$ cat upload_16.csv   # CSV, C-alpha atoms
chain,number,residue,atom,x,y,z
A,1,GLY,CA,0.0,0.0,0.0
A,2,GLY,CA,2.8,2.4,0.7
A,3,PRO,CA,4.7,2.3,-2.7
A,4,GLN,CA,1.4,2.7,-4.6
A,5,SER,CA,0.3,5.8,-2.6
A,6,ALA,CA,3.8,7.3,-3.0
A,7,GLY,CA,3.7,6.7,-6.8
A,8,SER,CA,0.2,8.3,-7.2
A,9,SER,CA,1.4,11.3,-5.2
A,10,ALA,CA,4.4,11.7,-7.4
A,11,ARG,CA,2.2,11.6,-10.5
A,12,VAL,CA,-0.2,14.2,-9.1
A,13,GLY,CA,2.8,16.4,-8.3
A,14,ALA,CA,4.2,16.1,-11.8
A,15,MET,CA,0.8,17.0,-13.3
A,16,LYS,CA,0.6,20.1,-11.1
A,17,ARG,CA,4.0,21.2,-12.2
A,18,LEU,CA,3.1,20.6,-15.9
A,19,PHE,CA,-0.4,22.1,-16.0
A,20,GLY,CA,-0.4,24.1,-12.9
A,21,ALA,CA,-2.7,24.0,-9.9
A,22,PRO,CA,-6.4,24.7,-10.5
A,23,LYS,CA,-7.4,28.3,-10.0
A,24,ALA,CA,-9.9,29.1,-7.4
A,25,ALA,CA,-13.2,30.6,-8.5
A,26,PRO,CA,-13.1,34.4,-8.4
A,27,ALA,CA,-14.9,35.9,-5.6
A,28,ALA,CA,-18.0,37.9,-6.4
A,29,SER,CA,-17.0,41.5,-6.7
A,30,GLY,CA,-20.5,42.9,-6.2
A,31,PRO,CA,-24.2,42.4,-6.9
A,32,ARG,CA,-25.1,40.7,-10.1
A,33,PRO,CA,-26.4,43.1,-12.8
A,34,SER,CA,-30.1,43.2,-13.3
A,35,LEU,CA,-32.0,43.0,-16.6
A,36,SER,CA,-32.8,46.7,-16.4
A,37,ASP,CA,-29.1,47.5,-16.0
A,38,ALA,CA,-28.3,45.4,-19.0
A,39,SER,CA,-31.0,47.0,-21.1
A,40,ALA,CA,-29.8,50.5,-20.1
A,41,LYS,CA,-26.3,49.5,-21.1
A,42,MET,CA,-27.5,48.4,-24.5
A,43,ASP,CA,-29.4,51.6,-25.0
A,44,SER,CA,-26.1,53.5,-24.5
A,45,ARG,CA,-24.3,51.2,-26.9
A,46,LEU,CA,-27.1,51.6,-29.5
A,47,GLN,CA,-26.9,55.3,-29.3
A,48,ASP,CA,-23.1,55.1,-29.9
A,49,LEU,CA,-23.6,52.8,-32.9
A,50,GLU,CA,-26.2,55.1,-34.4
A,51,GLY,CA,-23.8,58.0,-34.1
A,52,LYS,CA,-21.1,56.0,-35.8
A,53,ILE,CA,-23.4,55.0,-38.6
A,54,ALA,CA,-24.4,58.7,-39.1
A,55,LYS,CA,-20.7,59.7,-39.2
A,56,CYS,CA,-20.0,57.1,-41.9
A,57,GLU,CA,-22.9,58.4,-44.0
A,58,GLU,CA,-21.6,61.9,-43.7
A,59,ASP,CA,-18.1,60.8,-44.7
A,60,ILE,CA,-19.4,58.9,-47.7
A,61,ARG,CA,-21.2,62.0,-48.9
A,62,HIS,CA,-18.1,64.0,-48.4
A,63,TYR,CA,-15.9,61.5,-50.3
A,64,MET,CA,-18.5,61.2,-53.1
A,65,GLU,CA,-18.3,64.9,-54.1
A,66,PRO,CA,-17.9,65.2,-57.9
A,67,ALA,CA,-14.5,66.7,-57.6
A,68,ARG,CA,-13.0,63.9,-55.6
A,69,ALA,CA,-15.3,60.8,-56.2
A,70,ALA,CA,-12.8,58.9,-58.4
A,71,LYS,CA,-9.8,59.7,-56.2
A,72,ASN,CA,-11.6,58.7,-52.9
A,73,LYS,CA,-13.2,55.5,-54.2
A,74,PRO,CA,-11.1,53.3,-51.8
A,75,LEU,CA,-12.1,55.5,-48.8
A,76,VAL,CA,-15.7,55.3,-49.9
A,77,LEU,CA,-15.6,51.5,-50.0
A,78,GLN,CA,-13.8,51.2,-46.7
A,79,THR,CA,-16.3,53.6,-45.1
A,80,MET,CA,-19.2,51.6,-46.5
A,81,LYS,CA,-17.8,48.4,-45.1
A,82,ARG,CA,-17.5,50.1,-41.7
A,83,LYS,CA,-21.0,51.4,-41.9
A,84,LYS,CA,-22.4,47.8,-42.7
A,85,MET,CA,-20.4,46.5,-39.7
A,86,TYR,CA,-21.9,49.0,-37.4
A,87,GLU,CA,-25.4,48.3,-38.8
A,88,GLN,CA,-24.9,44.6,-38.3
A,89,GLN,CA,-23.8,45.2,-34.7
A,90,ARG,CA,-26.8,47.4,-34.1
A,91,ASP,CA,-29.2,44.8,-35.5
A,92,GLN,CA,-27.7,42.1,-33.3
A,93,LEU,CA,-27.8,44.3,-30.3
A,94,LEU,CA,-31.5,45.2,-31.0
A,95,GLY,CA,-32.3,41.5,-31.1
A,96,THR,CA,-30.5,40.9,-27.8
A,97,GLN,CA,-32.2,43.8,-26.1
A,98,PHE,CA,-35.6,42.6,-27.3
A,99,ASN,CA,-34.9,39.2,-25.6
A,100,ILE,CA,-33.8,41.0,-22.4
A,101,ASP,CA,-36.8,43.3,-22.3
A,102,SER,CA,-39.1,40.3,-22.9
A,103,LEU,CA,-37.5,38.5,-20.0
A,104,ALA,CA,-37.7,41.6,-17.8
A,105,GLY,CA,-41.4,41.9,-18.6
A,106,ALA,CA,-42.0,38.2,-17.7
A,107,GLN,CA,-40.1,38.8,-14.5
A,108,GLU,CA,-42.2,41.8,-13.6
A,109,GLN,CA,-45.4,39.8,-14.4
A,110,ALA,CA,-44.2,36.9,-12.2
A,111,GLU,CA,-43.6,39.4,-9.3
A,112,VAL,CA,-47.1,40.8,-9.8
A,113,THR,CA,-48.6,37.3,-9.9
A,114,VAL,CA,-46.8,36.3,-6.7
A,115,LEU,CA,-47.9,39.5,-5.0
A,116,SER,CA,-51.5,38.9,-6.1
A,117,VAL,CA,-51.5,35.3,-4.9
A,118,GLU,CA,-50.1,36.4,-1.5
A,119,ALA,CA,-52.7,39.1,-1.2
A,120,MET,CA,-55.5,36.7,-2.1
A,121,LYS,CA,-54.3,34.2,0.5
A,122,ALA,CA,-54.2,36.9,3.2
A,123,GLY,CA,-57.6,38.1,2.2
A,124,HIS,CA,-59.0,34.6,2.2
A,125,ALA,CA,-57.6,33.9,5.7
A,126,ASP,CA,-59.0,37.2,7.0
A,127,LEU,CA,-62.4,36.5,5.5
A,128,LYS,CA,-62.5,33.0,6.9
A,129,GLY,CA,-61.6,34.4,10.4
A,130,ARG,CA,-64.3,36.9,10.3
A,131,TYR,CA,-67.0,34.4,9.3
A,132,SER,CA,-65.7,32.0,11.9
A,133,GLN,CA,-66.6,34.6,14.5
A,134,LEU,CA,-70.3,34.4,13.5
A,135,GLY,CA,-70.5,30.8,14.7
A,136,GLY,CA,-71.8,29.1,11.6
A,137,ILE,CA,-75.2,29.1,9.9
A,138,GLY,CA,-76.8,27.4,12.9
A,139,ASP,CA,-76.2,30.4,15.1
A,140,ILE,CA,-77.4,32.8,12.4
A,141,GLU,CA,-80.7,30.8,12.1
A,142,ARG,CA,-81.2,30.8,15.8
A,143,LEU,CA,-80.6,34.5,16.0
A,144,MET,CA,-83.2,35.1,13.2
A,145,ASP,CA,-85.7,32.9,15.0
A,146,SER,CA,-85.1,34.8,18.3
A,147,MET,CA,-85.6,38.1,16.5
A,148,ALA,CA,-88.9,36.9,15.0
A,149,ASP,CA,-90.1,35.7,18.4
A,150,LEU,CA,-89.2,39.1,19.9
A,151,ALA,CA,-91.1,40.9,17.2
A,152,ASP,CA,-94.2,38.8,17.9
A,153,GLU,CA,-93.9,39.6,21.6
A,154,VAL,CA,-93.6,43.3,21.0
A,155,SER,CA,-96.7,43.2,18.7
A,156,GLU,CA,-98.7,41.4,21.4
A,157,ILE,CA,-97.5,44.0,24.0
A,158,ASN,CA,-98.6,46.9,21.8
A,159,GLU,CA,-102.0,45.3,21.2
A,160,SER,CA,-102.5,44.8,24.9
A,161,LEU,CA,-101.5,48.4,25.7
A,162,SER,CA,-103.9,49.8,22.9
A,163,ALA,CA,-106.9,47.9,24.2
A,164,SER,CA,-109.6,50.1,25.9
A,165,TYR,CA,-110.6,49.2,29.4
A,166,ILE,CA,-112.6,52.4,30.2
A,167,VAL,CA,-115.7,51.6,28.2
A,168,PRO,CA,-118.5,50.3,30.6
A,169,ASP,CA,-119.8,46.8,30.2
A,170,GLY,CA,-122.5,46.4,27.6
A,171,PHE,CA,-120.9,48.8,25.1
A,172,ASP,CA,-119.4,47.4,22.0
A,173,GLU,CA,-118.4,48.6,18.6
A,174,ALA,CA,-121.5,47.1,16.9
A,175,SER,CA,-123.9,49.1,19.1
A,176,CYS,CA,-122.0,52.3,18.6
A,177,GLU,CA,-122.1,51.8,14.8
A,178,ALA,CA,-125.8,51.3,14.9
A,179,ASP,CA,-126.4,54.5,17.0
A,180,PHE,CA,-124.2,56.4,14.6
A,181,ALA,CA,-126.2,55.2,11.6
A,182,ALA,CA,-129.5,56.1,13.3
A,183,LEU,CA,-128.3,59.6,14.2
A,184,GLU,CA,-127.0,60.2,10.7
A,185,GLU,CA,-130.4,59.2,9.2
A,186,GLU,CA,-132.3,61.5,11.7
A,187,MET,CA,-130.1,64.5,10.7
A,188,LYS,CA,-130.8,63.8,7.1
A,189,MET,CA,-134.5,63.8,7.7
A,190,GLU,CA,-134.3,67.1,9.6
A,191,VAL,CA,-132.4,68.7,6.7
A,192,LEU,CA,-135.1,67.5,4.3
A,193,ALA,CA,-137.9,68.8,6.5
A,194,GLY,CA,-136.2,72.2,6.8
A,195,ILE,CA,-135.6,71.9,10.5
A,196,HIS,CA,-132.3,73.6,11.4
A,197,ARG,CA,-131.0,73.3,14.9
A,198,PRO,CA,-127.7,74.9,15.6
A,199,ALA,CA,-125.2,72.6,17.1
A,200,ALA,CA,-124.8,73.4,20.8
A,201,THR,CA,-121.5,73.0,22.6
A,202,PRO,CA,-121.5,69.8,24.7
A,203,ALA,CA,-121.8,70.4,28.4
A,204,TYR,CA,-118.6,68.4,29.1
A,205,LEU,CA,-116.5,70.8,26.8
A,206,PRO,CA,-115.3,74.1,28.3
A,207,ALA,CA,-116.7,77.3,26.9
A,208,ALA,CA,-114.7,79.1,24.3
A,209,SER,CA,-113.3,82.1,26.2
A,210,GLY,CA,-111.4,83.6,23.2
A,211,ALA,CA,-114.4,83.7,20.8
A,212,ILE,CA,-114.5,86.8,18.6
A,213,ALA,CA,-117.9,88.7,18.4
A,214,ALA,CA,-119.4,89.6,15.1
A,215,PRO,CA,-119.0,93.2,13.9
A,216,GLY,CA,-121.7,95.4,15.4
A,217,ALA,CA,-122.8,92.9,18.0
A,218,VAL,CA,-123.2,94.2,21.6
A,219,PRO,CA,-122.6,91.8,24.5
A,220,ALA,CA,-125.6,91.0,26.5
A,221,ASP,CA,-124.3,92.2,29.8
A,222,ALA,CA,-123.0,95.4,28.2
A,223,GLY,CA,-126.4,96.2,26.6
A,224,ALA,CA,-128.2,95.6,29.9
A,225,ALA,CA,-125.8,97.9,31.7
A,226,ALA,CA,-126.4,100.7,29.1
A,227,GLY,CA,-130.1,100.2,29.1
A,228,VAL,CA,-130.3,98.9,25.5
A,229,SER,CA,-133.1,96.5,24.8
A,230,GLY,CA,-132.6,93.3,23.0
A,231,ASP,CA,-133.7,94.8,19.6
A,232,GLY,CA,-131.1,97.6,19.9
A,233,ALA,CA,-133.6,100.5,20.7
A,234,LEU,CA,-133.2,102.8,23.5
A,235,PRO,CA,-135.8,102.8,26.3
A,236,SER,CA,-138.4,105.6,26.1
A,237,ARG,CA,-138.5,108.3,28.8
A,238,GLY,CA,-141.7,108.9,30.8

$ encode --input "upload_16.csv" --output "structure tokens"
Amino acid sequence: GGPQSAGSSARVGAMKRLFGAPKAAPAASGPRPSLSDASAKMDSRLQDLEGKIAKCEEDIRHYMEPARAAKNKPLVLQTMKRKKMYEQQRDQLLGTQFNIDSLAGAQEQAEVTVLSVEAMKAGHADLKGRYSQLGGIGDIERLMDSMADLADEVSEINESLSASYIVPDGFDEASCEADFAALEEEMKMEVLAGIHRPAATPAYLPAASGAIAAPGAVPADAGAAAGVSGDGALPSRG
């Protein structure tokens, strides 16, 4: 066992000297870039490429002036190649940015979905807790039955309180209705016969102390004190 382990250790040492020891993984220097950071970086790069493409177009027009077009043909061709290179880089970058923006949109949608699910779970738990405080449908039905019984008791109490106990025995609603009909018929007959009897104040009602006398009327006590007869003439002398 000893010679074999020594030989393997020697081979490992030789391989390390030949290829070198494996490098340790580099430590993270900071937070990983987000998708929005990557998209913003691409925006900056796209603006730079657009500026370079515009500069190439300007140089091509400058080189293609009639006085120097034939002389500057190599420059024009080189500038056109550079412009196509920038355009290709721009198109590739646009495609990459589209993918990043799509992924960022999906990530935001996932965050909204998770937030919505958590809110729904919390709302469901709260609603369930509130309904559990009611005690179930049995307690609600018993409460409604108790309220109906209480309403019936209140109605019976009100009927008892509104009953009349002052009317003497032998008086009922039917006899009063009959007397009323007879009196009404008697008054109709008197009106047809031309008999007019002014309604007198019932004896059990107090006299109207604030009644206003008709214009020109003389109170009876005042006329007697002044010696005026009932027909309004003054008494004769001697």

$ closest_residue --input "upload_16.csv" --among "A:Ala125, A:Gln97, A:Leu75, A:Ile137" --to "Ser44 in chain A" --atoms "all atoms listed in the file"
A:Gln97

$ atom_distance --input "upload_16.csv" --atom1 "CA of Asp48 in chain A" --atom2 "CA of Asn99 in chain A"
20.3 Å

$ closest_residue --input "upload_16.csv" --among "A:Gly138, A:Gly51, A:Gly95, A:Pro66" --to "Lys83 in chain A" --atoms "all atoms listed in the file"
A:Gly51

$ atom_distance --input "upload_16.csv" --atom1 "CA of Asp101 in chain A" --atom2 "CA of Thr113 in chain A"
18.1 Å

$ atom_distance --input "upload_16.csv" --atom1 "CA of Ser34 in chain A" --atom2 "CA of Glu118 in chain A"
24.2 Å

$ closest_residue --input "upload_16.csv" --among "A:Val117, A:His124, A:Gln92, A:Asn158" --to "Arg45 in chain A" --atoms "only C-alpha atoms"
A:Gln92

$ build_atoms --input "upload_16.csv" --residues "range 124-144 of chain A" --atoms "N, CA and C atoms" --output "PDB file, in the frame of the given file"
ATOM      1  N   HIS A 124     -58.213  35.751   1.949  1.00  0.00           N
ATOM      2  CA  HIS A 124     -59.000  34.600   2.200  1.00  0.00           C
ATOM      3  C   HIS A 124     -58.942  34.184   3.705  1.00  0.00           C
ATOM      4  N   ALA A 125     -57.731  34.256   4.284  1.00  0.00           N
ATOM      5  CA  ALA A 125     -57.600  33.900   5.700  1.00  0.00           C
ATOM      6  C   ALA A 125     -58.350  34.926   6.571  1.00  0.00           C
ATOM      7  N   ASP A 126     -58.284  36.214   6.219  1.00  0.00           N
ATOM      8  CA  ASP A 126     -59.000  37.200   7.000  1.00  0.00           C
ATOM      9  C   ASP A 126     -60.520  37.021   6.888  1.00  0.00           C
ATOM     10  N   LEU A 127     -61.003  36.748   5.676  1.00  0.00           N
ATOM     11  CA  LEU A 127     -62.400  36.500   5.500  1.00  0.00           C
ATOM     12  C   LEU A 127     -62.908  35.285   6.239  1.00  0.00           C
ATOM     13  N   LYS A 128     -62.105  34.236   6.191  1.00  0.00           N
ATOM     14  CA  LYS A 128     -62.500  33.000   6.900  1.00  0.00           C
ATOM     15  C   LYS A 128     -62.510  33.253   8.413  1.00  0.00           C
ATOM     16  N   GLY A 129     -61.546  34.040   8.930  1.00  0.00           N
ATOM     17  CA  GLY A 129     -61.600  34.400  10.400  1.00  0.00           C
ATOM     18  C   GLY A 129     -62.761  35.171  10.768  1.00  0.00           C
ATOM     19  N   ARG A 130     -63.158  36.118   9.921  1.00  0.00           N
ATOM     20  CA  ARG A 130     -64.300  36.900  10.300  1.00  0.00           C
ATOM     21  C   ARG A 130     -65.599  36.107  10.281  1.00  0.00           C
ATOM     22  N   TYR A 131     -65.762  35.220   9.303  1.00  0.00           N
ATOM     23  CA  TYR A 131     -67.000  34.400   9.300  1.00  0.00           C
ATOM     24  C   TYR A 131     -66.961  33.355  10.403  1.00  0.00           C
ATOM     25  N   SER A 132     -65.765  32.935  10.829  1.00  0.00           N
ATOM     26  CA  SER A 132     -65.700  32.000  11.900  1.00  0.00           C
ATOM     27  C   SER A 132     -66.219  32.622  13.233  1.00  0.00           C
ATOM     28  N   GLN A 133     -66.102  33.960  13.353  1.00  0.00           N
ATOM     29  CA  GLN A 133     -66.600  34.600  14.500  1.00  0.00           C
ATOM     30  C   GLN A 133     -68.131  34.637  14.607  1.00  0.00           C
ATOM     31  N   LEU A 134     -68.802  34.410  13.483  1.00  0.00           N
ATOM     32  CA  LEU A 134     -70.300  34.400  13.500  1.00  0.00           C
ATOM     33  C   LEU A 134     -70.820  33.087  14.046  1.00  0.00           C
ATOM     34  N   GLY A 135     -70.016  32.042  14.119  1.00  0.00           N
ATOM     35  CA  GLY A 135     -70.500  30.800  14.700  1.00  0.00           C
ATOM     36  C   GLY A 135     -71.144  29.829  13.797  1.00  0.00           C
ATOM     37  N   GLY A 136     -71.199  30.091  12.532  1.00  0.00           N
ATOM     38  CA  GLY A 136     -71.800  29.100  11.600  1.00  0.00           C
ATOM     39  C   GLY A 136     -73.254  29.500  11.302  1.00  0.00           C
ATOM     40  N   ILE A 137     -73.823  28.775  10.317  1.00  0.00           N
ATOM     41  CA  ILE A 137     -75.200  29.100   9.900  1.00  0.00           C
ATOM     42  C   ILE A 137     -76.204  28.734  10.926  1.00  0.00           C
ATOM     43  N   GLY A 138     -75.890  27.753  11.806  1.00  0.00           N
ATOM     44  CA  GLY A 138     -76.800  27.400  12.900  1.00  0.00           C
ATOM     45  C   GLY A 138     -77.087  28.550  13.811  1.00  0.00           C
ATOM     46  N   ASP A 139     -76.017  29.234  14.200  1.00  0.00           N
ATOM     47  CA  ASP A 139     -76.200  30.400  15.100  1.00  0.00           C
ATOM     48  C   ASP A 139     -76.945  31.505  14.424  1.00  0.00           C
ATOM     49  N   ILE A 140     -76.714  31.717  13.131  1.00  0.00           N
ATOM     50  CA  ILE A 140     -77.400  32.800  12.400  1.00  0.00           C
ATOM     51  C   ILE A 140     -78.927  32.457  12.368  1.00  0.00           C
ATOM     52  N   GLU A 141     -79.276  31.193  12.096  1.00  0.00           N
ATOM     53  CA  GLU A 141     -80.700  30.800  12.100  1.00  0.00           C
ATOM     54  C   GLU A 141     -81.347  30.969  13.423  1.00  0.00           C
ATOM     55  N   ARG A 142     -80.640  30.575  14.482  1.00  0.00           N
ATOM     56  CA  ARG A 142     -81.200  30.800  15.800  1.00  0.00           C
ATOM     57  C   ARG A 142     -81.372  32.232  16.162  1.00  0.00           C
ATOM     58  N   LEU A 143     -80.439  33.070  15.719  1.00  0.00           N
ATOM     59  CA  LEU A 143     -80.600  34.500  16.000  1.00  0.00           C
ATOM     60  C   LEU A 143     -81.794  35.071  15.234  1.00  0.00           C
ATOM     61  N   MET A 144     -82.012  34.654  13.970  1.00  0.00           N
ATOM     62  CA  MET A 144     -83.200  35.100  13.200  1.00  0.00           C
ATOM     63  C   MET A 144     -84.470  34.671  13.858  1.00  0.00           C
TER      64      MET A 144
END
